[in-house]
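Listing of query-v6.cif, mmCIF, C-alpha atoms
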data_upload
loop_
_atom_site.label_atom_id
_atom_site.label_comp_id
_atom_site.auth_asym_id
_atom_site.auth_seq_id
_atom_site.Cartn_x
_atom_site.Cartn_y
_atom_site.Cartn_z
CA MET A 1 18.14 88.15 -5.90
CA HIS A 2 21.26 87.71 -8.06
CA VAL A 3 24.56 88.06 -6.20
CA LEU A 4 28.01 88.01 -7.76
CA PHE A 5 30.66 86.69 -5.36
CA ILE A 6 34.25 87.65 -6.14
CA ILE A 7 36.58 85.46 -4.10
CA PRO A 8 40.34 85.93 -4.72
CA TYR A 9 41.10 82.28 -3.89
CA THR A 10 39.25 79.02 -4.41
CA PRO A 11 36.31 78.54 -2.01
CA ASN A 12 36.57 75.06 -0.46
CA ARG A 13 36.28 73.27 2.87
CA ILE A 14 39.58 74.81 4.00
CA ARG A 15 38.50 78.33 3.03
CA THR A 16 35.25 77.59 4.73
CA ARG A 17 33.72 81.09 5.00
CA SER A 18 33.26 81.84 1.30
CA TYR A 19 32.52 78.19 0.48
CA ASN A 20 29.64 77.92 2.93
CA LEU A 21 28.20 81.41 2.43
CA ILE A 22 27.94 80.70 -1.30
CA ARG A 23 26.45 77.23 -0.78
CA TYR A 24 23.89 78.24 1.81
CA PHE A 25 22.93 81.45 0.03
CA ALA A 26 22.19 79.41 -3.10
CA GLN A 27 20.12 77.03 -0.97
CA LEU A 28 17.98 79.99 0.09
CA GLY A 29 16.81 80.09 -3.53
CA HIS A 30 18.91 82.96 -4.84
CA ASN A 31 20.83 83.19 -8.10
CA VAL A 32 24.58 83.05 -7.39
CA SER A 33 27.52 83.71 -9.70
CA LEU A 34 31.16 83.30 -8.69
CA CYS A 35 34.38 84.80 -10.04
CA THR A 36 37.48 83.25 -8.51
CA LEU A 37 41.06 82.10 -9.02
CA TRP A 38 42.67 78.68 -8.73
CA GLU A 39 46.32 77.86 -8.15
CA ASP A 40 46.59 74.11 -8.82
CA ASP A 41 44.61 71.12 -10.09
CA GLY A 42 43.33 70.35 -6.59
CA GLU A 43 41.74 73.77 -6.29
CA ARG A 44 40.33 73.51 -9.78
CA GLU A 45 38.69 70.23 -8.77
CA ASP A 46 37.23 71.88 -5.66
CA LEU A 47 35.21 74.19 -7.90
CA THR A 48 33.17 71.27 -9.23
CA ASN A 49 31.44 71.03 -5.83
CA LEU A 50 30.02 74.53 -6.29
CA ALA A 51 29.26 74.09 -9.99
CA SER A 52 27.19 71.00 -9.10
CA LEU A 53 24.90 73.29 -7.06
CA GLY A 54 24.10 75.30 -10.18
CA ILE A 55 26.42 78.18 -9.30
CA ARG A 56 27.67 79.92 -12.43
CA THR A 57 31.45 80.02 -12.07
CA VAL A 58 34.19 81.95 -13.84
CA ALA A 59 37.54 80.61 -12.62
CA LEU A 60 40.96 81.59 -13.93
CA PRO A 61 44.41 80.20 -13.12
CA GLN A 62 46.63 82.33 -10.90
CA SER A 63 50.06 80.84 -10.26
CA LYS A 64 52.10 81.71 -7.19
CA ALA A 65 54.71 83.18 -9.55
CA ARG A 66 52.14 85.61 -10.98
CA SER A 67 51.02 86.67 -7.51
CA LEU A 68 54.64 87.23 -6.44
CA TRP A 69 55.21 89.29 -9.59
CA ASN A 70 52.23 91.43 -8.58
CA CYS A 71 53.90 91.96 -5.20
CA LEU A 72 57.27 92.88 -6.71
CA GLN A 73 55.61 95.52 -8.86
CA ALA A 74 53.86 96.95 -5.78
CA LEU A 75 56.99 97.23 -3.61
CA PRO A 76 57.94 100.78 -4.71
CA THR A 77 54.31 101.97 -4.36
CA GLN A 78 52.04 102.61 -1.37
CA THR A 79 49.81 99.64 -2.25
CA PRO A 80 49.98 96.82 0.33
CA LEU A 81 51.13 93.45 -0.98
CA GLN A 82 47.92 91.83 0.30
CA ALA A 83 45.87 94.24 -1.81
CA ILE A 84 47.65 93.34 -5.06
CA TYR A 85 48.57 89.69 -4.47
CA SER A 86 45.46 88.21 -6.13
CA TRP A 87 44.87 90.87 -8.78
CA ASN A 88 44.09 89.49 -12.23
CA PRO A 89 42.90 92.04 -14.83
CA GLU A 90 41.25 89.32 -16.91
CA LEU A 91 39.13 88.20 -13.96
CA ALA A 92 38.09 91.81 -13.39
CA LYS A 93 37.11 92.10 -17.05
CA GLN A 94 35.07 88.89 -16.96
CA ALA A 95 33.33 90.01 -13.76
CA ALA A 96 32.36 93.24 -15.52
CA ASN A 97 31.01 91.22 -18.45
CA LEU A 98 28.83 89.22 -16.05
CA LEU A 99 27.48 92.42 -14.58
CA GLU A 100 26.41 93.97 -17.86
CA CYS A 101 23.46 92.73 -19.87
CA ASN A 102 21.99 94.87 -22.67
CA GLY A 103 23.56 97.93 -21.09
CA LYS A 104 21.94 97.28 -17.70
CA PRO A 105 23.38 95.62 -14.58
CA ALA A 106 22.45 91.93 -14.51
CA VAL A 107 23.43 91.54 -10.84
CA ASP A 108 21.69 92.95 -7.77
CA VAL A 109 24.62 92.87 -5.32
CA ILE A 110 28.39 92.41 -5.66
CA HIS A 111 30.08 90.60 -2.76
CA VAL A 112 33.89 90.73 -2.57
CA GLU A 113 35.93 88.94 0.07
CA HIS A 114 39.13 89.84 1.92
CA LEU A 115 41.66 92.62 1.47
CA ARG A 116 42.97 90.60 -1.47
CA GLY A 117 39.61 90.94 -3.20
CA ALA A 118 38.93 94.60 -2.40
CA ARG A 119 40.52 95.90 -5.61
CA TYR A 120 37.97 93.97 -7.68
CA GLY A 121 35.20 95.65 -5.71
CA LEU A 122 36.67 99.10 -6.27
CA PHE A 123 37.06 98.41 -10.00
CA LEU A 124 33.44 97.28 -10.37
CA LYS A 125 32.13 100.11 -8.18
CA SER A 126 33.74 102.61 -10.55
CA ARG A 127 32.13 100.89 -13.56
CA PHE A 128 28.71 100.22 -12.02
CA PRO A 129 28.15 102.88 -9.33
CA ASP A 130 24.46 102.01 -8.87
CA THR A 131 25.14 98.35 -8.05
CA PRO A 132 25.83 97.95 -4.31
CA VAL A 133 29.14 96.37 -3.31
CA VAL A 134 29.47 94.53 0.00
CA TRP A 135 33.07 94.04 1.13
CA ASP A 136 33.60 91.08 3.47
CA SER A 137 36.93 92.03 5.01
CA VAL A 138 36.77 88.80 7.10
CA ASP A 139 39.51 90.03 9.49
CA CYS A 140 41.27 93.31 10.13
CA ILE A 141 44.60 92.55 8.47
CA SER A 142 46.37 95.50 10.11
CA TYR A 143 45.36 94.13 13.51
CA LEU A 144 46.74 90.72 12.52
CA PHE A 145 50.00 92.27 11.27
CA LYS A 146 50.50 94.23 14.50
CA GLN A 147 50.22 91.02 16.50
CA ALA A 148 52.53 89.18 14.10
CA LEU A 149 55.13 91.90 14.55
CA ASP A 150 55.00 91.35 18.32
CA GLN A 151 54.61 87.57 18.46
CA SER A 152 55.82 85.86 15.27
CA ARG A 153 58.81 83.53 15.69
CA SER A 154 59.80 84.00 12.03
CA ARG A 155 62.43 86.68 11.31
CA PHE A 156 61.43 86.81 7.65
CA GLY A 157 57.77 87.10 8.62
CA LYS A 158 58.55 89.99 10.96
CA LEU A 159 60.53 91.77 8.25
CA ILE A 160 57.66 91.56 5.74
CA THR A 161 55.15 92.61 8.39
CA ARG A 162 57.25 95.62 9.37
CA LEU A 163 57.37 96.71 5.73
CA GLU A 164 53.62 96.17 5.26
CA LEU A 165 52.01 97.41 8.44
CA LYS A 166 51.99 101.18 7.85
CA ARG A 167 50.68 101.12 4.29
CA THR A 168 48.18 98.37 5.11
CA ARG A 169 46.73 100.51 7.89
CA VAL A 170 46.27 103.48 5.55
CA TYR A 171 44.84 101.42 2.69
CA GLU A 172 42.56 99.27 4.85
CA GLY A 173 41.20 102.28 6.73
CA LYS A 174 40.04 103.92 3.49
CA LEU A 175 38.11 100.90 2.20
CA PRO A 176 34.91 100.90 4.33
CA GLY A 177 34.07 104.40 3.10
CA GLN A 178 34.27 103.23 -0.51
CA PHE A 179 31.82 100.32 -0.22
CA ASP A 180 28.11 100.18 0.56
CA HIS A 181 28.61 97.85 3.50
CA THR A 182 31.57 96.15 5.19
CA LEU A 183 31.41 92.82 7.00
CA ILE A 184 33.87 91.44 9.55
CA THR A 185 33.91 88.34 11.73
CA SER A 186 34.25 89.71 15.26
CA ALA A 187 33.71 92.73 17.49
CA VAL A 188 37.45 92.93 18.21
CA ASP A 189 38.30 93.11 14.51
CA ARG A 190 35.48 95.58 13.85
CA GLN A 191 36.85 97.95 16.48
CA ALA A 192 40.37 97.58 15.08
CA LEU A 193 39.11 98.37 11.57
CA GLN A 194 36.96 101.31 12.69
CA ASP A 195 39.98 102.79 14.48
CA LEU A 196 41.73 102.97 11.08
CA ILE A 197 38.93 104.84 9.27
CA PRO A 198 39.89 108.52 8.72
CA SER A 199 37.81 110.93 10.81
CA GLN A 200 36.70 112.88 7.74
CA THR A 201 35.25 109.74 6.13
CA GLU A 202 31.47 109.66 5.99
CA ALA A 203 30.02 107.16 8.46
CA ALA A 204 30.87 103.72 7.08
CA LEU A 205 28.65 100.72 7.75
CA VAL A 206 30.69 97.94 9.36
CA SER A 207 28.78 95.00 10.81
CA ILE A 208 29.68 91.62 12.26
CA LEU A 209 29.02 88.42 10.35
CA PRO A 210 30.62 85.58 12.33
CA ASN A 211 32.18 82.42 10.99
CA GLY A 212 30.23 79.20 11.23
CA VAL A 213 30.36 75.45 10.92
CA ASP A 214 28.62 73.15 8.48
CA TRP A 215 26.59 71.41 11.16
CA ASP A 216 25.50 68.50 8.99
CA TYR A 217 29.04 67.90 7.73
CA PHE A 218 30.40 67.74 11.28
CA SER A 219 27.66 65.45 12.58
CA LEU A 220 29.12 62.88 14.96
CA GLU A 221 29.81 59.43 13.59
CA GLN A 222 28.40 56.82 15.93
CA GLY A 223 30.74 54.27 17.48
CA VAL A 224 33.98 56.24 17.00
CA ALA A 225 36.17 55.80 20.07
CA ARG A 226 38.55 58.46 21.34
CA GLU A 227 42.20 57.46 21.19
CA PRO A 228 43.73 57.70 24.67
CA ALA A 229 46.06 60.58 25.53
CA THR A 230 45.99 62.00 21.99
CA LEU A 231 46.13 65.72 21.26
CA ILE A 232 45.30 67.32 17.91
CA LEU A 233 46.44 70.65 16.54
CA SER A 234 44.81 71.48 13.21
CA GLY A 235 44.88 74.27 10.64
CA LYS A 236 46.48 75.32 7.39
CA MET A 237 50.10 74.71 8.29
CA SER A 238 51.59 77.07 5.72
CA TYR A 239 49.96 80.00 7.55
CA HIS A 240 52.51 81.90 9.64
CA ALA A 241 50.34 82.15 12.76
CA ASN A 242 49.77 78.38 12.73
CA VAL A 243 53.49 77.68 12.26
CA THR A 244 54.28 79.90 15.25
CA MET A 245 51.55 78.15 17.24
CA ALA A 246 52.83 74.65 16.44
CA MET A 247 56.42 75.54 17.34
CA TYR A 248 55.26 77.14 20.59
CA LEU A 249 53.27 74.02 21.46
CA MET A 250 56.18 71.70 20.69
CA ASN A 251 58.94 73.75 22.31
CA GLU A 252 57.27 75.16 25.41
CA ILE A 253 54.09 73.22 26.25
CA ILE A 254 54.48 69.58 25.26
CA PRO A 255 57.71 69.07 27.25
CA LEU A 256 55.78 70.06 30.40
CA VAL A 257 52.97 67.66 29.44
CA TRP A 258 55.38 64.78 28.81
CA ALA A 259 57.06 65.41 32.16
CA LYS A 260 53.72 64.61 33.84
CA GLN A 261 52.20 62.24 31.26
CA PRO A 262 54.85 60.57 29.06
CA ASP A 263 52.32 58.59 26.98
CA VAL A 264 50.71 61.68 25.38
CA LYS A 265 50.74 61.70 21.57
CA LEU A 266 50.42 64.75 19.32
CA LEU A 267 48.80 64.93 15.88
CA ILE A 268 49.55 68.00 13.74
CA VAL A 269 46.97 67.95 10.95
CA GLY A 270 46.81 70.44 8.11
CA LYS A 271 47.78 71.37 4.60
CA ASP A 272 51.30 72.29 3.42
CA PRO A 273 53.43 72.08 6.57
CA PRO A 274 56.85 73.71 6.04
CA ALA A 275 60.11 71.89 6.76
CA SER A 276 60.19 73.22 10.33
CA ILE A 277 56.84 71.56 11.09
CA ARG A 278 57.58 68.33 9.21
CA ALA A 279 60.77 67.98 11.27
CA LEU A 280 58.68 67.74 14.46
CA ALA A 281 57.62 64.25 13.37
CA GLU A 282 61.15 63.04 14.15
CA HIS A 283 59.88 62.67 17.71
CA PRO A 284 58.21 59.24 18.03
CA ALA A 285 55.15 60.70 19.81
CA VAL A 286 54.45 63.31 17.11
CA THR A 287 52.68 62.74 13.78
CA VAL A 288 52.56 65.41 11.07
CA THR A 289 49.97 64.37 8.49
CA GLY A 290 50.15 67.14 5.88
CA THR A 291 47.03 67.40 3.72
CA VAL A 292 44.21 65.04 4.71
CA GLU A 293 41.12 64.31 2.65
CA ASP A 294 38.83 64.53 5.65
CA LEU A 295 39.60 66.27 8.95
CA ARG A 296 36.59 64.88 10.82
CA PRO A 297 37.97 61.44 11.78
CA TYR A 298 41.07 63.04 13.28
CA LEU A 299 39.00 65.46 15.36
CA GLN A 300 36.53 62.81 16.51
CA ARG A 301 39.24 60.35 17.56
CA ALA A 302 41.45 62.79 19.46
CA SER A 303 41.19 63.11 23.23
CA LEU A 304 41.65 66.88 23.10
CA ALA A 305 42.16 69.71 20.63
CA VAL A 306 44.82 72.25 21.58
CA VAL A 307 44.95 75.78 20.17
CA PRO A 308 47.83 77.71 21.81
CA LEU A 309 47.51 80.60 19.37
CA LEU A 310 49.89 83.47 20.09
CA TYR A 311 48.35 85.86 17.57
CA GLY A 312 45.48 85.90 15.10
CA ALA A 313 42.41 87.78 13.94
CA GLY A 314 38.74 87.01 13.56
CA ILE A 315 37.08 83.75 14.55
CA GLN A 316 39.31 80.69 14.54
CA ASN A 317 37.61 77.96 12.50
CA LYS A 318 39.90 75.36 14.03
CA VAL A 319 38.25 76.02 17.40
CA LEU A 320 34.69 75.86 16.04
CA GLU A 321 35.37 72.66 14.08
CA ALA A 322 36.84 70.90 17.11
CA MET A 323 33.90 71.99 19.27
CA ALA A 324 31.42 70.87 16.60
CA SER A 325 33.12 67.46 16.68
CA GLY A 326 32.42 67.16 20.40
CA THR A 327 36.14 67.36 21.13
CA ALA A 328 37.14 69.21 24.27
CA VAL A 329 39.31 72.24 23.48
CA VAL A 330 42.13 73.85 25.44
CA ALA A 331 42.87 77.22 23.83
CA ALA A 332 44.79 80.42 24.36
CA PRO A 333 42.75 83.58 25.08
CA GLN A 334 43.62 84.96 21.63
CA ALA A 335 42.01 81.92 19.97
CA VAL A 336 38.63 82.49 21.63
CA LEU A 337 38.56 86.28 21.91
CA ALA A 338 35.88 86.54 19.22
CA LEU A 339 33.63 83.82 20.69
CA GLU A 340 30.91 84.06 23.32
CA ALA A 341 31.74 80.59 24.61
CA GLN A 342 32.00 80.31 28.39
CA PRO A 343 35.44 79.20 29.69
CA ASP A 344 35.45 76.12 31.95
CA ARG A 345 32.10 75.07 30.51
CA ASP A 346 32.25 75.17 26.70
CA LEU A 347 36.04 74.96 26.49
CA MET A 348 39.15 75.48 28.60
CA VAL A 349 41.35 78.58 28.35
CA ALA A 350 45.04 78.61 29.27
CA GLN A 351 47.43 81.55 29.21
CA THR A 352 50.90 80.16 29.95
CA PRO A 353 52.71 76.92 29.00
CA ALA A 354 52.32 75.73 32.59
CA GLU A 355 48.55 76.38 32.52
CA PHE A 356 48.25 74.55 29.20
CA ALA A 357 50.12 71.54 30.53
CA GLU A 358 48.06 71.47 33.72
CA LYS A 359 44.70 71.60 31.91
CA ILE A 360 45.74 69.10 29.23
CA VAL A 361 46.88 66.54 31.77
CA HIS A 362 43.82 67.14 33.97
CA LEU A 363 41.39 66.54 31.09
CA ILE A 364 43.26 63.49 29.82
CA ASN A 365 42.93 61.89 33.25
CA ASN A 366 39.30 62.94 33.79
CA PRO A 367 37.26 61.47 30.92
CA GLN A 368 33.91 62.46 32.44
CA LEU A 369 34.90 66.14 32.62
CA ARG A 370 36.43 65.91 29.15
CA ASP A 371 33.16 64.57 27.73
CA GLN A 372 31.16 67.28 29.52
CA VAL A 373 33.33 70.03 28.03
CA GLY A 374 33.15 68.44 24.58
CA SER A 375 29.35 68.17 24.72
CA ALA A 376 28.94 71.74 25.98
CA GLY A 377 31.20 73.02 23.21
CA ARG A 378 29.15 71.22 20.59
CA ARG A 379 25.92 72.75 21.96
CA TYR A 380 27.51 76.21 21.84
CA VAL A 381 28.37 75.82 18.15
CA GLU A 382 24.90 74.46 17.38
CA ASN A 383 23.27 77.50 18.99
CA ASN A 384 25.61 80.20 17.68
CA HIS A 385 27.58 79.21 14.59
CA GLN A 386 25.52 77.31 12.02
CA TRP A 387 26.16 78.52 8.48
CA GLY A 388 22.50 78.30 7.50
CA ILE A 389 21.57 80.93 10.10
CA ILE A 390 24.55 83.12 9.18
CA ALA A 391 23.57 83.02 5.49
CA GLN A 392 20.13 84.34 6.44
CA ARG A 393 21.79 87.25 8.24
CA LEU A 394 23.84 87.95 5.10
CA GLU A 395 20.61 87.94 3.09
CA GLY A 396 19.35 90.68 5.40
CA VAL A 397 22.46 92.79 4.73
CA TYR A 398 21.88 92.49 0.98
CA HIS A 399 18.28 93.65 1.36
CA GLU A 400 19.48 96.64 3.41
CA VAL A 401 21.98 97.81 0.77
CA LEU A 402 19.42 97.34 -2.00
CA CYS A 403 16.84 99.42 -0.11
CA ALA A 404 19.43 102.11 0.66
CA GLY A 405 20.39 102.26 -3.01
CA ARG A 406 16.78 102.66 -4.12
CA GLU A 407 16.27 105.47 -1.60
CA ARG A 408 19.37 107.32 -2.88
CA ARG A 409 18.17 107.13 -6.47
CA LEU A 410 14.77 108.56 -5.48
CA GLN A 411 16.29 111.58 -3.75
#
Once you've parsed the file, please lay out its structure as structure tokens.
Amino acid sequence: MHVLFIIPYTPNRIRTRSYNLIRYFAQLGHNVSLCTLWEDDGEREDLTNLASLGIRTVALPQSKARSLWNCLQALPTQTPLQAIYSWNPELAKQAANLLECNGKPAVDVIHVEHLRGARYGLFLKSRFPDTPVVWDSVDCISYLFKQALDQSRSRFGKLITRLELKRTRVYEGKLPGQFDHTLITSAVDRQALQDLIPSQTEAALVSILPNGVDWDYFSLEQGVAREPATLILSGKMSYHANVTMAMYLMNEIIPLVWAKQPDVKLLIVGKDPPASIRALAEHPAVTVTGTVEDLRPYLQRASLAVVPLLYGAGIQNKVLEAMASGTAVVAAPQAVLALEAQPDRDLMVAQTPAEFAEKIVHLINNPQLRDQVGSAGRRYVENNHQWGIIAQRLEGVYHEVLCAGRERRLQ
């Protein structure tokens, strides 16, 4: 099977879903091509990892300025900014060239990711109507925006979300009916997306394909000791939900922890922290690392991972990666809503700042319980979220859309 992946941002270990689906699908013996965009030299370098696996890659530069220009042009229209942000007509043209060989489609299935990539799928569907297009929405962006409007601590973020929410709902709801199959990471997001689909739309196929963890990559390094009383909060720190989470942790939870346990240290680990997050490191017990080459040592050395997420969508990779590292997790309900992990066994769940502080301090002072929770969390990930198994499920979806297409042509 030959699959063309169109990913509107560089697949890498931070954007783990597309990166691992492509890698593992290629390892299943299939022919994989990739069309994508890169923003800086670091992202361009990331593409060499995929090219080394024999994946044919077409990658074009897309500066932030160009993406913002796309958004400015969309403001007076009904097109959501997310839907136009990553649009590059030259990438669309080159994707079409890959698809066509001697007047016949050279690709069996087109796979496009995210709302930002949907326009490429629509463009190719109009040019090659007999080639099935699978849209991996990942999350329901309208659902995320609604939460951001209620919970975000950023005034600018709330303003943009208020402007975007209505037209995103309309646009996003129309997409599943235009593709052969839609994927999404969780049951909660699937329901939110299905609620947006117009009633007159023909039954759209929307199925769950969860996020996973590269189990081999997160294998435990022997002999690594946990640093005492050390919390880690990880994630892409330029992402608005993570900024809100970090500020909530620092302003409302950590003071309660320090009141009971003054020696607790906090590591904030993740790419591109804004000034508001970098300023937290002025406290002597707080370290803000910025970009790190390898997240694993930080996760494996921490006593606990904390995820006090106020809003979000889909499956939180930060939770899965901490659990895969054998690190006990204390998380907000929103962070684990999409998981089947059992609270108080696989991880701890806390609702309020007081509950967070109580569970953090309790686990710090009970190493045996902390180790039990960390081990149970790791087993949960092993049994439910390995990328190799998820890639096999994706393979099944591709076979379904190919069979459905053949049946339509025979009718």
- prompt: What is the distance, in Å and to one decimal place, between atom CA of A:Gln342 and atom CA of A:Ser219?
  reply: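 Computed distance, atom CA of A:Gln342 to atom CA of A:Ser219, equals 22.1 Å.
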message: Give me, as a list in words, all polymer residues having an atom no more than 6 Å from A:Ile55, counting only C-alpha atoms and skipping those fewer than 5 positions away in the same chain.
response: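 Within the cut-off, the hits are Val32, Ser33 and Leu50 of chain A.
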field: d(atom CA of A:Cys140, atom CA of A:Ala313) in Å
entry: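 Between atom CA of A:Cys140 and atom CA of A:Ala313 the gap works out to 6.8 Å.
Here atom CA of A:Tyr311 and atom CA of A:Leu256 stand 21.7 Å from one another.
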field: Answer key for the PyMOL selection byres ((chain A and resi 354-359) around 10), residues as a ChimeraX atom specification
entry: /A:249,252-261,306-308,330-332,348-353,360-365
Could you write out the selected residues, including C-alpha atoms, as a short mmCIF file (atom, residue, chain, number, x, y, z; two decimals), keeping the file's coordinate frame?
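See out39.cif below for the written result:
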data_model
loop_
_atom_site.label_atom_id
_atom_site.label_comp_id
_atom_site.auth_asym_id
_atom_site.auth_seq_id
_atom_site.Cartn_x
_atom_site.Cartn_y
_atom_site.Cartn_z
CA LEU A 249 53.27 74.02 21.46
CA GLU A 252 57.27 75.16 25.41
CA ILE A 253 54.09 73.22 26.25
CA ILE A 254 54.48 69.58 25.26
CA PRO A 255 57.71 69.07 27.25
CA LEU A 256 55.78 70.06 30.40
CA VAL A 257 52.97 67.66 29.44
CA TRP A 258 55.38 64.78 28.81
CA ALA A 259 57.06 65.41 32.16
CA LYS A 260 53.72 64.61 33.84
CA GLN A 261 52.20 62.24 31.26
CA VAL A 306 44.82 72.25 21.58
CA VAL A 307 44.95 75.78 20.17
CA PRO A 308 47.83 77.71 21.81
CA VAL A 330 42.13 73.85 25.44
CA ALA A 331 42.87 77.22 23.83
CA ALA A 332 44.79 80.42 24.36
CA MET A 348 39.15 75.48 28.60
CA VAL A 349 41.35 78.58 28.35
CA ALA A 350 45.04 78.61 29.27
CA GLN A 351 47.43 81.55 29.21
CA THR A 352 50.90 80.16 29.95
CA PRO A 353 52.71 76.92 29.00
CA ILE A 360 45.74 69.10 29.23
CA VAL A 361 46.88 66.54 31.77
CA HIS A 362 43.82 67.14 33.97
CA LEU A 363 41.39 66.54 31.09
CA ILE A 364 43.26 63.49 29.82
CA ASN A 365 42.93 61.89 33.25
#
Counting only C-alpha atoms, which residues of stretch 193-226 of chain A sit at most 8 Å from some atom of stretch 293-303 of chain A, and what is each one's closest atom pair with its distance in Å to one decimal, listed by chain and rising residue number, as a tab-separated table?
residue	atom	partner	partner_atom	distance
A:Phe218	CA	A:Arg296	CA	6.8
A:Leu220	CA	A:Gln300	CA	7.6
A:Val224	CA	A:Arg301	CA	6.7
A:Ala225	CA	A:Arg301	CA	6.0
A:Arg226	CA	A:Arg301	CA	4.3
Filtering to C-alpha atoms, could you give me those residues as a compact mmCIF listing (two decimals), in the frame of the given file?
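What follows is the written file again-v6.txt:
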# COMPACT_ATOMS: atom_id res chain seq x y z
CA PHE A 218 30.40 67.74 11.28
CA LEU A 220 29.12 62.88 14.96
CA VAL A 224 33.98 56.24 17.00
CA ALA A 225 36.17 55.80 20.07
CA ARG A 226 38.55 58.46 21.34
message: Considering only C-alpha atoms, can you say which of A:Thr10, A:Asn211, A:Gln334, A:Ser63 comes closest to A:Gly42?
response: A:Thr10
message: Considering all atoms listed in the file, can you say which of A:Lys64, A:Lys158, A:Arg17, A:Arg56 comes closest to A:Leu34?
response: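 The shortest atom-to-atom distance to A:Leu34 comes from A:Arg56.
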Against stretch 167-184 of chain A, which residues of stretch 58-78 of chain A fall within 12 Å? For each one I want the closest pair of atoms and the distance in Å (one decimal), counting only C-alpha atoms, rows by chain and increasing residue number, as a tab-separated table.
residue	atom	partner	partner_atom	distance
A:Ala74	CA	A:Arg167	CA	11.4
A:Leu75	CA	A:Arg167	CA	10.8
A:Pro76	CA	A:Arg167	CA	11.6
A:Thr77	CA	A:Arg167	CA	9.4
A:Gln78	CA	A:Arg167	CA	6.0
Could you write out the selected residues, including C-alpha atoms, as a PDB file, keeping the file's coordinate frame?
ATOM      1  CA  ALA A  74      53.860  96.950  -5.780  1.00  0.00           C
ATOM      2  CA  LEU A  75      56.990  97.230  -3.610  1.00  0.00           C
ATOM      3  CA  PRO A  76      57.940 100.780  -4.710  1.00  0.00           C
ATOM      4  CA  THR A  77      54.310 101.970  -4.360  1.00  0.00           C
ATOM      5  CA  GLN A  78      52.040 102.610  -1.370  1.00  0.00           C
TER       6      GLN A  78
END
Cut-off 6 Å around (51.5, 66.5, 15.2) with only C-alpha atoms: residues as a PDB file with C-alpha atoms, in the coordinates of the input:
ATOM      1  CA  LEU A 266      50.420  64.750  19.320  1.00  0.00           C
ATOM      2  CA  LEU A 267      48.800  64.930  15.880  1.00  0.00           C
ATOM      3  CA  ILE A 268      49.550  68.000  13.740  1.00  0.00           C
ATOM      4  CA  VAL A 286      54.450  63.310  17.110  1.00  0.00           C
ATOM      5  CA  THR A 287      52.680  62.740  13.780  1.00  0.00           C
ATOM      6  CA  VAL A 288      52.560  65.410  11.070  1.00  0.00           C
TER       7      VAL A 288
END
Could you pull the residues within 9 Å of A:Pro274, counting all atoms listed in the file, minus those fewer than 2 positions along the same chain, as a PDB file with C-alpha atoms, in the frame of the given file?
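Wrote selection.pdb, looks like this:
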ATOM      1  CA  MET A 237      50.100  74.710   8.290  1.00  0.00           C
ATOM      2  CA  SER A 238      51.590  77.070   5.720  1.00  0.00           C
ATOM      3  CA  VAL A 243      53.490  77.680  12.260  1.00  0.00           C
ATOM      4  CA  ASP A 272      51.300  72.290   3.420  1.00  0.00           C
ATOM      5  CA  SER A 276      60.190  73.220  10.330  1.00  0.00           C
ATOM      6  CA  ILE A 277      56.840  71.560  11.090  1.00  0.00           C
ATOM      7  CA  ARG A 278      57.580  68.330   9.210  1.00  0.00           C
ATOM      8  CA  ALA A 279      60.770  67.980  11.270  1.00  0.00           C
TER       9      ALA A 279
END
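Matched in the shown structure by the PyMOL selection byres ((chain A and resi 12) around 10): Tyr9, Thr10, Pro11, Arg13, Ile14, Arg15, Thr16, Arg17, Ser18, Tyr19, Asn20, Glu43, Glu45, Asp46, Leu47, Asn49 and Leu50 of chain A.
Minimum atom-to-atom distances from A:Ser67, A:Ser325, A:Thr161, A:Ser137 to A:Asp216 were compared using only C-alpha atoms, and the lowest value belongs to A:Ser325.
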- prompt: What do you get, as a ChimeraX atom specification, if you spell out every residue that the PyMOL selection byres ((chain A and resi 191) around 12) selects here?
  reply: /A:139-140,142-143,173,184-190,192-197,206-208,313-314,338
Would you compute, for all listed atoms of stretch 365-368 of chain A, the axis-aligned bounding box grown by 5 Å on each side, and then report its centre and edge lengths in Å rounded to one decimal, as lines of an AutoDock Vina configuration file?
center_x = 38.4
center_y = 62.2
center_z = 32.4
size_x = 19.0
size_y = 11.5
size_z = 12.9
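Compared by their closest atoms to A:His2, and using all atoms listed in the file, the residues A:His240, A:Arg116, A:His111, A:Arg66 rank with A:His111 nearest.
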Kindly reconstruct stretch 234-239 of chain A with N, CA and C atoms and present the result as a tab-separated table (two decimals), in the coordinates of the input.
chain	number	residue	atom	x	y	z
A	234	SER	N	45.19	71.48	14.62
A	234	SER	CA	44.81	71.48	13.21
A	234	SER	C	44.82	72.90	12.65
A	235	GLY	N	44.89	72.98	11.33
A	235	GLY	CA	44.88	74.27	10.64
A	235	GLY	C	45.74	74.21	9.40
A	236	LYS	N	45.64	75.23	8.59
A	236	LYS	CA	46.48	75.32	7.39
A	236	LYS	C	47.91	75.61	7.84
A	237	MET	N	48.79	74.63	7.67
A	237	MET	CA	50.10	74.71	8.29
A	237	MET	C	51.11	75.57	7.53
A	238	SER	N	50.72	76.11	6.40
A	238	SER	CA	51.59	77.07	5.72
A	238	SER	C	51.35	78.49	6.23
A	239	TYR	N	50.32	78.68	7.04
A	239	TYR	CA	49.96	80.00	7.55
A	239	TYR	C	50.87	80.36	8.72
